[in-house]
Each structure stands twice: as structure tokens, then as C-alpha cells.
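File shown: work_1.pdb (PDB, N, CA and C atoms).
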```
ATOM      1  N   MET A 721     -75.650  40.065 -19.913
ATOM      2  CA  MET A 721     -75.211  41.445 -19.992
ATOM      3  C   MET A 721     -76.434  42.357 -20.178
ATOM      4  N   ILE A 722     -76.312  43.526 -19.640
ATOM      5  CA  ILE A 722     -77.377  44.527 -19.708
ATOM      6  C   ILE A 722     -76.843  45.722 -20.492
ATOM      7  N   TYR A 723     -77.619  46.178 -21.481
ATOM      8  CA  TYR A 723     -77.236  47.302 -22.332
ATOM      9  C   TYR A 723     -77.820  48.597 -21.766
ATOM     10  N   ILE A 724     -77.037  49.659 -21.760
ATOM     11  CA  ILE A 724     -77.536  50.965 -21.336
ATOM     12  C   ILE A 724     -77.906  51.746 -22.587
ATOM     13  N   LYS A 725     -79.199  51.824 -22.820
ATOM     14  CA  LYS A 725     -79.717  52.424 -24.041
ATOM     15  C   LYS A 725     -79.690  53.948 -23.993
ATOM     16  N   ARG A 726     -80.083  54.521 -22.836
ATOM     17  CA  ARG A 726     -80.179  55.977 -22.760
ATOM     18  C   ARG A 726     -80.036  56.445 -21.315
ATOM     19  N   ILE A 727     -79.422  57.612 -21.153
ATOM     20  CA  ILE A 727     -79.345  58.265 -19.852
ATOM     21  C   ILE A 727     -79.878  59.677 -20.016
ATOM     22  N   ASP A 728     -80.922  59.995 -19.278
ATOM     23  CA  ASP A 728     -81.496  61.337 -19.292
ATOM     24  C   ASP A 728     -81.142  62.032 -17.990
ATOM     25  N   GLU A 729     -80.398  63.136 -18.118
ATOM     26  CA  GLU A 729     -80.035  63.915 -16.940
ATOM     27  C   GLU A 729     -81.102  64.976 -16.703
ATOM     28  N   PRO A 730     -81.384  65.296 -15.442
ATOM     29  CA  PRO A 730     -82.404  66.295 -15.154
ATOM     30  C   PRO A 730     -81.967  67.689 -15.602
ATOM     31  N   ASP A 731     -82.941  68.497 -15.980
ATOM     32  CA  ASP A 731     -82.686  69.882 -16.382
ATOM     33  C   ASP A 731     -83.484  70.778 -15.445
ATOM     34  N   PHE A 732     -82.792  71.529 -14.629
ATOM     35  CA  PHE A 732     -83.465  72.378 -13.653
ATOM     36  C   PHE A 732     -83.635  73.808 -14.142
ATOM     37  N   GLY A 733     -83.180  74.084 -15.352
ATOM     38  CA  GLY A 733     -83.358  75.410 -15.931
ATOM     39  C   GLY A 733     -82.755  76.503 -15.063
ATOM     40  N   CYS A 734     -83.369  77.666 -15.112
ATOM     41  CA  CYS A 734     -82.831  78.812 -14.388
ATOM     42  C   CYS A 734     -83.049  78.717 -12.876
ATOM     43  N   GLU A 735     -83.908  77.798 -12.423
ATOM     44  CA  GLU A 735     -84.144  77.656 -10.984
ATOM     45  C   GLU A 735     -82.948  77.045 -10.268
ATOM     46  N   GLY A 736     -82.156  76.284 -10.966
ATOM     47  CA  GLY A 736     -81.009  75.630 -10.356
ATOM     48  C   GLY A 736     -81.413  74.362  -9.627
ATOM     49  N   VAL A 737     -80.440  73.680  -9.109
ATOM     50  CA  VAL A 737     -80.665  72.421  -8.409
ATOM     51  C   VAL A 737     -81.330  72.697  -7.060
ATOM     52  N   PRO A 738     -82.439  72.005  -6.763
ATOM     53  CA  PRO A 738     -83.111  72.195  -5.471
ATOM     54  C   PRO A 738     -82.211  71.776  -4.302
ATOM     55  N   ASP A 739     -82.312  72.522  -3.199
ATOM     56  CA  ASP A 739     -81.528  72.200  -2.005
ATOM     57  C   ASP A 739     -81.988  70.875  -1.402
ATOM     58  N   ASN A 740     -81.031  70.133  -0.872
ATOM     59  CA  ASN A 740     -81.309  68.895  -0.126
ATOM     60  C   ASN A 740     -82.093  67.856  -0.915
ATOM     61  N   GLU A 741     -81.914  67.817  -2.212
ATOM     62  CA  GLU A 741     -82.603  66.832  -3.045
ATOM     63  C   GLU A 741     -81.573  65.945  -3.729
ATOM     64  N   VAL A 742     -81.819  64.650  -3.738
ATOM     65  CA  VAL A 742     -80.934  63.725  -4.439
ATOM     66  C   VAL A 742     -81.223  63.863  -5.940
ATOM     67  N   ILE A 743     -80.203  64.206  -6.692
ATOM     68  CA  ILE A 743     -80.340  64.372  -8.134
ATOM     69  C   ILE A 743     -80.160  63.004  -8.785
ATOM     70  N   CYS A 744     -81.144  62.605  -9.591
ATOM     71  CA  CYS A 744     -81.108  61.287 -10.226
ATOM     72  C   CYS A 744     -81.149  61.403 -11.742
ATOM     73  N   ASP A 745     -80.464  60.476 -12.398
ATOM     74  CA  ASP A 745     -80.542  60.332 -13.850
ATOM     75  C   ASP A 745     -81.517  59.199 -14.149
ATOM     76  N   LYS A 746     -82.311  59.390 -15.186
ATOM     77  CA  LYS A 746     -83.223  58.339 -15.638
ATOM     78  C   LYS A 746     -82.470  57.502 -16.672
ATOM     79  N   ILE A 747     -82.307  56.207 -16.377
ATOM     80  CA  ILE A 747     -81.527  55.329 -17.241
ATOM     81  C   ILE A 747     -82.421  54.225 -17.794
ATOM     82  N   VAL A 748     -82.331  54.026 -19.115
ATOM     83  CA  VAL A 748     -83.070  52.955 -19.784
ATOM     84  C   VAL A 748     -82.108  51.784 -20.000
ATOM     85  N   PHE A 749     -82.408  50.667 -19.335
ATOM     86  CA  PHE A 749     -81.613  49.445 -19.446
ATOM     87  C   PHE A 749     -82.353  48.466 -20.347
ATOM     88  N   VAL A 750     -81.607  47.681 -21.125
ATOM     89  CA  VAL A 750     -82.198  46.655 -21.983
ATOM     90  C   VAL A 750     -81.525  45.321 -21.659
ATOM     91  N   ALA A 751     -82.341  44.341 -21.273
ATOM     92  CA  ALA A 751     -81.843  43.003 -20.958
ATOM     93  C   ALA A 751     -81.621  42.210 -22.248
ATOM     94  N   ASP A 752     -80.955  41.077 -22.129
ATOM     95  CA  ASP A 752     -80.682  40.220 -23.291
ATOM     96  C   ASP A 752     -81.948  39.801 -24.030
ATOM     97  N   ASP A 753     -83.059  39.669 -23.289
ATOM     98  CA  ASP A 753     -84.314  39.245 -23.912
ATOM     99  C   ASP A 753     -85.093  40.406 -24.534
ATOM    100  N   GLY A 754     -84.506  41.616 -24.534
ATOM    101  CA  GLY A 754     -85.144  42.776 -25.141
ATOM    102  C   GLY A 754     -86.022  43.579 -24.196
ATOM    103  N   ARG A 755     -86.219  43.077 -22.994
ATOM    104  CA  ARG A 755     -87.037  43.782 -21.995
ATOM    105  C   ARG A 755     -86.330  45.043 -21.550
ATOM    106  N   GLU A 756     -87.077  46.166 -21.528
ATOM    107  CA  GLU A 756     -86.525  47.441 -21.087
ATOM    108  C   GLU A 756     -87.013  47.766 -19.684
ATOM    109  N   GLU A 757     -86.135  48.388 -18.913
ATOM    110  CA  GLU A 757     -86.511  48.852 -17.581
ATOM    111  C   GLU A 757     -85.893  50.224 -17.387
ATOM    112  N   VAL A 758     -86.683  51.146 -16.832
ATOM    113  CA  VAL A 758     -86.213  52.505 -16.569
ATOM    114  C   VAL A 758     -86.056  52.667 -15.064
ATOM    115  N   LEU A 759     -84.861  53.108 -14.649
ATOM    116  CA  LEU A 759     -84.575  53.319 -13.234
ATOM    117  C   LEU A 759     -84.034  54.721 -13.030
ATOM    118  N   ASN A 760     -84.360  55.312 -11.891
ATOM    119  CA  ASN A 760     -83.795  56.593 -11.491
ATOM    120  C   ASN A 760     -82.648  56.317 -10.535
ATOM    121  N   ILE A 761     -81.433  56.564 -11.009
ATOM    122  CA  ILE A 761     -80.224  56.278 -10.248
ATOM    123  C   ILE A 761     -79.589  57.606  -9.835
ATOM    124  N   PRO A 762     -79.181  57.745  -8.577
ATOM    125  CA  PRO A 762     -78.518  58.984  -8.161
ATOM    126  C   PRO A 762     -77.337  59.317  -9.085
ATOM    127  N   GLU A 763     -77.277  60.572  -9.485
ATOM    128  CA  GLU A 763     -76.261  61.002 -10.438
ATOM    129  C   GLU A 763     -74.843  60.734  -9.931
ATOM    130  N   THR A 764     -74.625  60.880  -8.641
ATOM    131  CA  THR A 764     -73.286  60.616  -8.094
ATOM    132  C   THR A 764     -72.887  59.154  -8.283
ATOM    133  N   VAL A 765     -73.846  58.250  -8.202
ATOM    134  CA  VAL A 765     -73.571  56.824  -8.426
ATOM    135  C   VAL A 765     -73.206  56.592  -9.890
ATOM    136  N   VAL A 766     -73.946  57.234 -10.798
ATOM    137  CA  VAL A 766     -73.670  57.104 -12.233
ATOM    138  C   VAL A 766     -72.247  57.576 -12.531
ATOM    139  N   TRP A 767     -71.877  58.709 -11.960
ATOM    140  CA  TRP A 767     -70.516  59.242 -12.178
ATOM    141  C   TRP A 767     -69.464  58.332 -11.574
ATOM    142  N   ASP A 768     -69.675  57.938 -10.311
ATOM    143  CA  ASP A 768     -68.679  57.117  -9.605
ATOM    144  C   ASP A 768     -68.437  55.777 -10.303
ATOM    145  N   MET A 769     -69.484  55.198 -10.873
ATOM    146  CA  MET A 769     -69.364  53.891 -11.533
ATOM    147  C   MET A 769     -69.045  54.024 -13.021
ATOM    148  N   LYS A 770     -68.889  55.288 -13.476
ATOM    149  CA  LYS A 770     -68.543  55.565 -14.878
ATOM    150  C   LYS A 770     -69.528  54.917 -15.857
ATOM    151  N   ILE A 771     -70.820  55.013 -15.517
ATOM    152  CA  ILE A 771     -71.886  54.475 -16.360
ATOM    153  C   ILE A 771     -72.118  55.433 -17.522
ATOM    154  N   ASP A 772     -72.242  54.898 -18.739
ATOM    155  CA  ASP A 772     -72.445  55.740 -19.910
ATOM    156  C   ASP A 772     -73.354  55.035 -20.912
ATOM    157  N   GLU A 773     -74.007  55.842 -21.748
ATOM    158  CA  GLU A 773     -74.869  55.291 -22.796
ATOM    159  C   GLU A 773     -74.050  54.407 -23.728
ATOM    160  N   GLY A 774     -74.693  53.350 -24.206
ATOM    161  CA  GLY A 774     -74.075  52.486 -25.204
ATOM    162  C   GLY A 774     -73.165  51.412 -24.634
ATOM    163  N   MET A 775     -72.991  51.401 -23.329
ATOM    164  CA  MET A 775     -72.121  50.377 -22.747
ATOM    165  C   MET A 775     -72.935  49.200 -22.238
ATOM    166  N   TYR A 776     -72.252  48.095 -22.048
ATOM    167  CA  TYR A 776     -72.848  46.900 -21.459
ATOM    168  C   TYR A 776     -72.306  46.755 -20.047
ATOM    169  N   ILE A 777     -73.178  46.323 -19.134
ATOM    170  CA  ILE A 777     -72.755  46.058 -17.765
ATOM    171  C   ILE A 777     -73.191  44.647 -17.392
ATOM    172  N   THR A 778     -72.556  44.111 -16.381
ATOM    173  CA  THR A 778     -72.894  42.766 -15.936
ATOM    174  C   THR A 778     -74.225  42.772 -15.185
ATOM    175  N   ASP A 779     -74.834  41.609 -15.088
ATOM    176  CA  ASP A 779     -76.060  41.473 -14.306
ATOM    177  C   ASP A 779     -75.791  41.839 -12.843
ATOM    178  N   GLU A 780     -74.591  41.516 -12.367
ATOM    179  CA  GLU A 780     -74.222  41.819 -10.984
ATOM    180  C   GLU A 780     -74.212  43.333 -10.741
ATOM    181  N   LEU A 781     -73.618  44.091 -11.652
ATOM    182  CA  LEU A 781     -73.586  45.553 -11.504
ATOM    183  C   LEU A 781     -75.001  46.120 -11.632
ATOM    184  N   TYR A 782     -75.775  45.585 -12.555
ATOM    185  CA  TYR A 782     -77.164  46.032 -12.727
ATOM    186  C   TYR A 782     -77.946  45.848 -11.425
ATOM    187  N   ASN A 783     -77.775  44.716 -10.774
ATOM    188  CA  ASN A 783     -78.476  44.469  -9.508
ATOM    189  C   ASN A 783     -78.003  45.418  -8.413
ATOM    190  N   LYS A 784     -76.721  45.763  -8.397
ATOM    191  CA  LYS A 784     -76.211  46.741  -7.432
ATOM    192  C   LYS A 784     -76.836  48.102  -7.685
ATOM    193  N   LEU A 785     -76.978  48.472  -8.952
ATOM    194  CA  LEU A 785     -77.602  49.758  -9.299
ATOM    195  C   LEU A 785     -79.068  49.772  -8.883
ATOM    196  N   LYS A 786     -79.751  48.656  -9.057
ATOM    197  CA  LYS A 786     -81.170  48.589  -8.677
ATOM    198  C   LYS A 786     -81.342  48.826  -7.184
ATOM    199  N   GLU A 787     -80.344  48.449  -6.382
ATOM    200  CA  GLU A 787     -80.411  48.678  -4.940
ATOM    201  C   GLU A 787     -80.352  50.165  -4.602
ATOM    202  N   LYS A 788     -79.858  50.987  -5.529
ATOM    203  CA  LYS A 788     -79.671  52.408  -5.283
ATOM    204  C   LYS A 788     -80.761  53.257  -5.921
ATOM    205  N   VAL A 789     -81.847  52.647  -6.364
ATOM    206  CA  VAL A 789     -82.926  53.334  -7.070
ATOM    207  C   VAL A 789     -83.669  54.302  -6.145
ATOM    208  N   TYR A 790     -83.995  55.463  -6.721
ATOM    209  CA  TYR A 790     -84.822  56.467  -6.046
ATOM    210  C   TYR A 790     -86.076  56.701  -6.870
ATOM    211  N   GLY A 791     -87.191  56.943  -6.170
ATOM    212  CA  GLY A 791     -88.467  57.341  -6.774
ATOM    213  C   GLY A 791     -88.730  56.730  -8.048
TER
END
```

If you convert what's in this file into C-alpha cells, what do you get?
Amino acid sequence: MIYIKRIDEPDFGCEGVPDNEVICDKIVFVADDGREEVLNIPETVVWDMKIDEGMYITDELYNKLKEKVYG
């Protein structure tokens, strides 16, 4: 199982969301062995999969999320 330690959503301030840009959340994952990995996952994927801080996900779901990584 993989623990979701933190999700940081981007803050665009008064400029607003840039046109034609994929908006990504920075997510800190923690593996069973304590290893942390930070991935930028498109925000729409995070919403669609109902990913939230403090939850555990399967290794299978984690690998699917890694396939959707941006920058």
C-alpha cells in the first residue's frame, strides 16, 4: 500500500489559470519502506480518482498514476 502524505494544489493568484496548460497537483507518496516520491499529477486525474491526503492506495493504482505524470 502507498500512503498519500500531502497534496499541494497550484496557486495562480490574481493572474488566474494559464490558457492551454495542464494543471497539476504535487503529491507526496510514501511507500511501505518509508521512501517518499513526489509526482505532479494532472488535477483532473486527482479529482476523477478521488485521491485525497491521508488515504492509502494500492500499488496498482500508484503505478497507473505514475503513467499520468507531468513535468

Between atom N of Thr778 in chain A and atom N of Asp752 in chain A, distance in Å (one decimal) =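 So the answer is 10.6 Å.
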
Checklist entry - Got a sec to resolve the PyMOL selection byres (((chain A and resi 725-734 and name CA) around 7) and name CA) on this structure and send the residues as an MDAnalysis selection string? => result chainID A and resid 723:724 735:737 745:750 773:774

Where's the centre, and what are the edge lengths in Å to one decimal, of a box along x, y and z enclosing all listed atoms of range 749-755 of chain A padded 4 Å per side, as JSON?
```
{"center_x": -83.9, "center_y": 45.0, "center_z": -22.2, "size_x": 14.4, "size_y": 19.4, "size_z": 13.8}
```

- Task: Taking the file above as input, evaluate the PyMOL selection byres ((chain A and resi 777) around 7) and report the hits as a ChimeraX atom specification.
- Result: /A:721-724,775-776,778-782

From atom C of Asn740 in chain A to atom C of Leu759 in chain A the spacing works out at 18.0 Å

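A straight line drawn from CA of Lys786 in chain A to atom N of Pro762 in chain A is 9.4 Å long.
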
Could you tell me which residues the PyMOL selection byres ((chain A and resi 789) around 8) grabs in this file, written as a PDB file with N, CA and C atoms, in the frame of the given file?
```
ATOM      1  N   LEU A 759     -84.861  53.108 -14.649  1.00  0.00           N
ATOM      2  CA  LEU A 759     -84.575  53.319 -13.234  1.00  0.00           C
ATOM      3  C   LEU A 759     -84.034  54.721 -13.030  1.00  0.00           C
ATOM      4  N   ASN A 760     -84.360  55.312 -11.891  1.00  0.00           N
ATOM      5  CA  ASN A 760     -83.795  56.593 -11.491  1.00  0.00           C
ATOM      6  C   ASN A 760     -82.648  56.317 -10.535  1.00  0.00           C
ATOM      7  N   ILE A 761     -81.433  56.564 -11.009  1.00  0.00           N
ATOM      8  CA  ILE A 761     -80.224  56.278 -10.248  1.00  0.00           C
ATOM      9  C   ILE A 761     -79.589  57.606  -9.835  1.00  0.00           C
ATOM     10  N   PRO A 762     -79.181  57.745  -8.577  1.00  0.00           N
ATOM     11  CA  PRO A 762     -78.518  58.984  -8.161  1.00  0.00           C
ATOM     12  C   PRO A 762     -77.337  59.317  -9.085  1.00  0.00           C
ATOM     13  N   LYS A 784     -76.721  45.763  -8.397  1.00  0.00           N
ATOM     14  CA  LYS A 784     -76.211  46.741  -7.432  1.00  0.00           C
ATOM     15  C   LYS A 784     -76.836  48.102  -7.685  1.00  0.00           C
ATOM     16  N   LEU A 785     -76.978  48.472  -8.952  1.00  0.00           N
ATOM     17  CA  LEU A 785     -77.602  49.758  -9.299  1.00  0.00           C
ATOM     18  C   LEU A 785     -79.068  49.772  -8.883  1.00  0.00           C
ATOM     19  N   LYS A 786     -79.751  48.656  -9.057  1.00  0.00           N
ATOM     20  CA  LYS A 786     -81.170  48.589  -8.677  1.00  0.00           C
ATOM     21  C   LYS A 786     -81.342  48.826  -7.184  1.00  0.00           C
ATOM     22  N   GLU A 787     -80.344  48.449  -6.382  1.00  0.00           N
ATOM     23  CA  GLU A 787     -80.411  48.678  -4.940  1.00  0.00           C
ATOM     24  C   GLU A 787     -80.352  50.165  -4.602  1.00  0.00           C
ATOM     25  N   LYS A 788     -79.858  50.987  -5.529  1.00  0.00           N
ATOM     26  CA  LYS A 788     -79.671  52.408  -5.283  1.00  0.00           C
ATOM     27  C   LYS A 788     -80.761  53.257  -5.921  1.00  0.00           C
ATOM     28  N   TYR A 790     -83.995  55.463  -6.721  1.00  0.00           N
ATOM     29  CA  TYR A 790     -84.822  56.467  -6.046  1.00  0.00           C
ATOM     30  C   TYR A 790     -86.076  56.701  -6.870  1.00  0.00           C
ATOM     31  N   GLY A 791     -87.191  56.943  -6.170  1.00  0.00           N
ATOM     32  CA  GLY A 791     -88.467  57.341  -6.774  1.00  0.00           C
ATOM     33  C   GLY A 791     -88.730  56.730  -8.048  1.00  0.00           C
TER      34      GLY A 791
END
```

Looking only at the backbone, which of the residues in chain A does DSSP tag as helix (DSSP H, G or I), as a list in words?
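Selection result, helix (DSSP H, G or I) within chain A: Gly733, Cys734, Glu735, Glu763, Thr764, Val765, Val766, Trp767, Asp768, Asp779, Glu780, Leu781, Tyr782, Asn783, Lys784, Leu785 and Lys786 of chain A.
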
- request: From a DSSP calculation on the backbone, collect every residue of chain A in strand (DSSP E or B) and output the set as a list of chain:residue names.
  value: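 Assigned to strand (DSSP E or B), within chain A: A:Ile722, A:Tyr723, A:Ile724, A:Lys725, A:Arg726, A:Ile727, A:Asp728, A:Cys744, A:Asp745, A:Lys746, A:Ile747, A:Val748, A:Phe749, A:Val750, A:Glu756, A:Glu757, A:Val758, A:Leu759, A:Asn760, A:Ile761, A:Pro762, A:Tyr776, A:Ile777.
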
Reconstruct all heavy atoms of range 756-767 of chain A from the incomplete input and present them as a PDB file, in the frame of the given file.
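Result written to out.pdb:
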```pdb
ATOM      1  N   GLU A 756     -87.077  46.166 -21.528  1.00  0.00           N
ATOM      2  CA  GLU A 756     -86.525  47.441 -21.087  1.00  0.00           C
ATOM      3  C   GLU A 756     -87.013  47.766 -19.684  1.00  0.00           C
ATOM      4  O   GLU A 756     -88.153  47.461 -19.333  1.00  0.00           O
ATOM      5  CB  GLU A 756     -86.923  48.575 -22.025  1.00  0.00           C
ATOM      6  CG  GLU A 756     -86.270  48.511 -23.372  1.00  0.00           C
ATOM      7  CD  GLU A 756     -86.504  49.750 -24.223  1.00  0.00           C
ATOM      8  OE1 GLU A 756     -87.046  50.755 -23.723  1.00  0.00           O
ATOM      9  OE2 GLU A 756     -86.147  49.705 -25.410  1.00  0.00           O
ATOM     10  N   GLU A 757     -86.135  48.388 -18.913  1.00  0.00           N
ATOM     11  CA  GLU A 757     -86.511  48.852 -17.581  1.00  0.00           C
ATOM     12  C   GLU A 757     -85.893  50.224 -17.387  1.00  0.00           C
ATOM     13  O   GLU A 757     -84.738  50.454 -17.746  1.00  0.00           O
ATOM     14  CB  GLU A 757     -86.020  47.898 -16.499  1.00  0.00           C
ATOM     15  CG  GLU A 757     -86.487  48.294 -15.124  1.00  0.00           C
ATOM     16  CD  GLU A 757     -86.248  47.226 -14.073  1.00  0.00           C
ATOM     17  OE1 GLU A 757     -85.654  46.188 -14.378  1.00  0.00           O
ATOM     18  OE2 GLU A 757     -86.659  47.457 -12.932  1.00  0.00           O
ATOM     19  N   VAL A 758     -86.683  51.146 -16.832  1.00  0.00           N
ATOM     20  CA  VAL A 758     -86.213  52.505 -16.569  1.00  0.00           C
ATOM     21  C   VAL A 758     -86.056  52.667 -15.064  1.00  0.00           C
ATOM     22  O   VAL A 758     -86.982  52.387 -14.304  1.00  0.00           O
ATOM     23  CB  VAL A 758     -87.210  53.554 -17.111  1.00  0.00           C
ATOM     24  CG1 VAL A 758     -86.727  54.961 -16.805  1.00  0.00           C
ATOM     25  CG2 VAL A 758     -87.423  53.371 -18.607  1.00  0.00           C
ATOM     26  N   LEU A 759     -84.861  53.108 -14.649  1.00  0.00           N
ATOM     27  CA  LEU A 759     -84.575  53.319 -13.234  1.00  0.00           C
ATOM     28  C   LEU A 759     -84.034  54.721 -13.030  1.00  0.00           C
ATOM     29  O   LEU A 759     -83.321  55.250 -13.891  1.00  0.00           O
ATOM     30  CB  LEU A 759     -83.538  52.313 -12.737  1.00  0.00           C
ATOM     31  CG  LEU A 759     -83.863  50.832 -12.867  1.00  0.00           C
ATOM     32  CD1 LEU A 759     -82.675  49.991 -12.433  1.00  0.00           C
ATOM     33  CD2 LEU A 759     -85.084  50.478 -12.049  1.00  0.00           C
ATOM     34  N   ASN A 760     -84.360  55.312 -11.891  1.00  0.00           N
ATOM     35  CA  ASN A 760     -83.795  56.593 -11.491  1.00  0.00           C
ATOM     36  C   ASN A 760     -82.648  56.317 -10.535  1.00  0.00           C
ATOM     37  O   ASN A 760     -82.869  55.876  -9.407  1.00  0.00           O
ATOM     38  CB  ASN A 760     -84.858  57.464 -10.813  1.00  0.00           C
ATOM     39  CG  ASN A 760     -85.911  57.920 -11.786  1.00  0.00           C
ATOM     40  OD1 ASN A 760     -85.604  58.354 -12.879  1.00  0.00           O
ATOM     41  ND2 ASN A 760     -87.165  57.818 -11.397  1.00  0.00           N
ATOM     42  N   ILE A 761     -81.433  56.564 -11.009  1.00  0.00           N
ATOM     43  CA  ILE A 761     -80.224  56.278 -10.248  1.00  0.00           C
ATOM     44  C   ILE A 761     -79.589  57.606  -9.835  1.00  0.00           C
ATOM     45  O   ILE A 761     -79.447  58.509 -10.673  1.00  0.00           O
ATOM     46  CB  ILE A 761     -79.215  55.471 -11.094  1.00  0.00           C
ATOM     47  CG1 ILE A 761     -79.866  54.219 -11.698  1.00  0.00           C
ATOM     48  CG2 ILE A 761     -77.968  55.133 -10.294  1.00  0.00           C
ATOM     49  CD1 ILE A 761     -80.243  53.162 -10.706  1.00  0.00           C
ATOM     50  N   PRO A 762     -79.181  57.745  -8.577  1.00  0.00           N
ATOM     51  CA  PRO A 762     -78.518  58.984  -8.161  1.00  0.00           C
ATOM     52  C   PRO A 762     -77.337  59.317  -9.085  1.00  0.00           C
ATOM     53  O   PRO A 762     -76.533  58.444  -9.422  1.00  0.00           O
ATOM     54  CB  PRO A 762     -78.038  58.687  -6.738  1.00  0.00           C
ATOM     55  CG  PRO A 762     -78.981  57.635  -6.247  1.00  0.00           C
ATOM     56  CD  PRO A 762     -79.293  56.795  -7.459  1.00  0.00           C
ATOM     57  N   GLU A 763     -77.277  60.572  -9.485  1.00  0.00           N
ATOM     58  CA  GLU A 763     -76.261  61.002 -10.438  1.00  0.00           C
ATOM     59  C   GLU A 763     -74.843  60.734  -9.931  1.00  0.00           C
ATOM     60  O   GLU A 763     -73.958  60.353 -10.705  1.00  0.00           O
ATOM     61  CB  GLU A 763     -76.450  62.492 -10.734  1.00  0.00           C
ATOM     62  CG  GLU A 763     -75.748  62.963 -11.968  1.00  0.00           C
ATOM     63  CD  GLU A 763     -76.230  64.321 -12.409  1.00  0.00           C
ATOM     64  OE1 GLU A 763     -76.087  65.297 -11.640  1.00  0.00           O
ATOM     65  OE2 GLU A 763     -76.760  64.399 -13.529  1.00  0.00           O
ATOM     66  N   THR A 764     -74.625  60.880  -8.641  1.00  0.00           N
ATOM     67  CA  THR A 764     -73.286  60.616  -8.094  1.00  0.00           C
ATOM     68  C   THR A 764     -72.887  59.154  -8.283  1.00  0.00           C
ATOM     69  O   THR A 764     -71.717  58.855  -8.520  1.00  0.00           O
ATOM     70  CB  THR A 764     -73.211  60.993  -6.603  1.00  0.00           C
ATOM     71  OG1 THR A 764     -74.237  60.304  -5.893  1.00  0.00           O
ATOM     72  CG2 THR A 764     -73.359  62.490  -6.398  1.00  0.00           C
ATOM     73  N   VAL A 765     -73.846  58.250  -8.202  1.00  0.00           N
ATOM     74  CA  VAL A 765     -73.571  56.824  -8.426  1.00  0.00           C
ATOM     75  C   VAL A 765     -73.206  56.592  -9.890  1.00  0.00           C
ATOM     76  O   VAL A 765     -72.259  55.862 -10.198  1.00  0.00           O
ATOM     77  CB  VAL A 765     -74.781  55.950  -8.014  1.00  0.00           C
ATOM     78  CG1 VAL A 765     -74.580  54.501  -8.420  1.00  0.00           C
ATOM     79  CG2 VAL A 765     -75.043  56.080  -6.526  1.00  0.00           C
ATOM     80  N   VAL A 766     -73.946  57.234 -10.798  1.00  0.00           N
ATOM     81  CA  VAL A 766     -73.670  57.104 -12.233  1.00  0.00           C
ATOM     82  C   VAL A 766     -72.247  57.576 -12.531  1.00  0.00           C
ATOM     83  O   VAL A 766     -71.494  56.908 -13.248  1.00  0.00           O
ATOM     84  CB  VAL A 766     -74.702  57.898 -13.064  1.00  0.00           C
ATOM     85  CG1 VAL A 766     -74.351  57.876 -14.546  1.00  0.00           C
ATOM     86  CG2 VAL A 766     -76.107  57.347 -12.839  1.00  0.00           C
ATOM     87  N   TRP A 767     -71.877  58.709 -11.960  1.00  0.00           N
ATOM     88  CA  TRP A 767     -70.516  59.242 -12.178  1.00  0.00           C
ATOM     89  C   TRP A 767     -69.464  58.332 -11.574  1.00  0.00           C
ATOM     90  O   TRP A 767     -68.468  58.014 -12.206  1.00  0.00           O
ATOM     91  CB  TRP A 767     -70.381  60.631 -11.586  1.00  0.00           C
ATOM     92  CG  TRP A 767     -71.198  61.690 -12.253  1.00  0.00           C
ATOM     93  CD1 TRP A 767     -71.751  61.666 -13.505  1.00  0.00           C
ATOM     94  CD2 TRP A 767     -71.577  62.942 -11.691  1.00  0.00           C
ATOM     95  NE1 TRP A 767     -72.452  62.820 -13.741  1.00  0.00           N
ATOM     96  CE2 TRP A 767     -72.353  63.630 -12.642  1.00  0.00           C
ATOM     97  CE3 TRP A 767     -71.337  63.554 -10.471  1.00  0.00           C
ATOM     98  CZ2 TRP A 767     -72.873  64.893 -12.422  1.00  0.00           C
ATOM     99  CZ3 TRP A 767     -71.864  64.812 -10.247  1.00  0.00           C
ATOM    100  CH2 TRP A 767     -72.617  65.471 -11.211  1.00  0.00           C
TER     101      TRP A 767
END
```
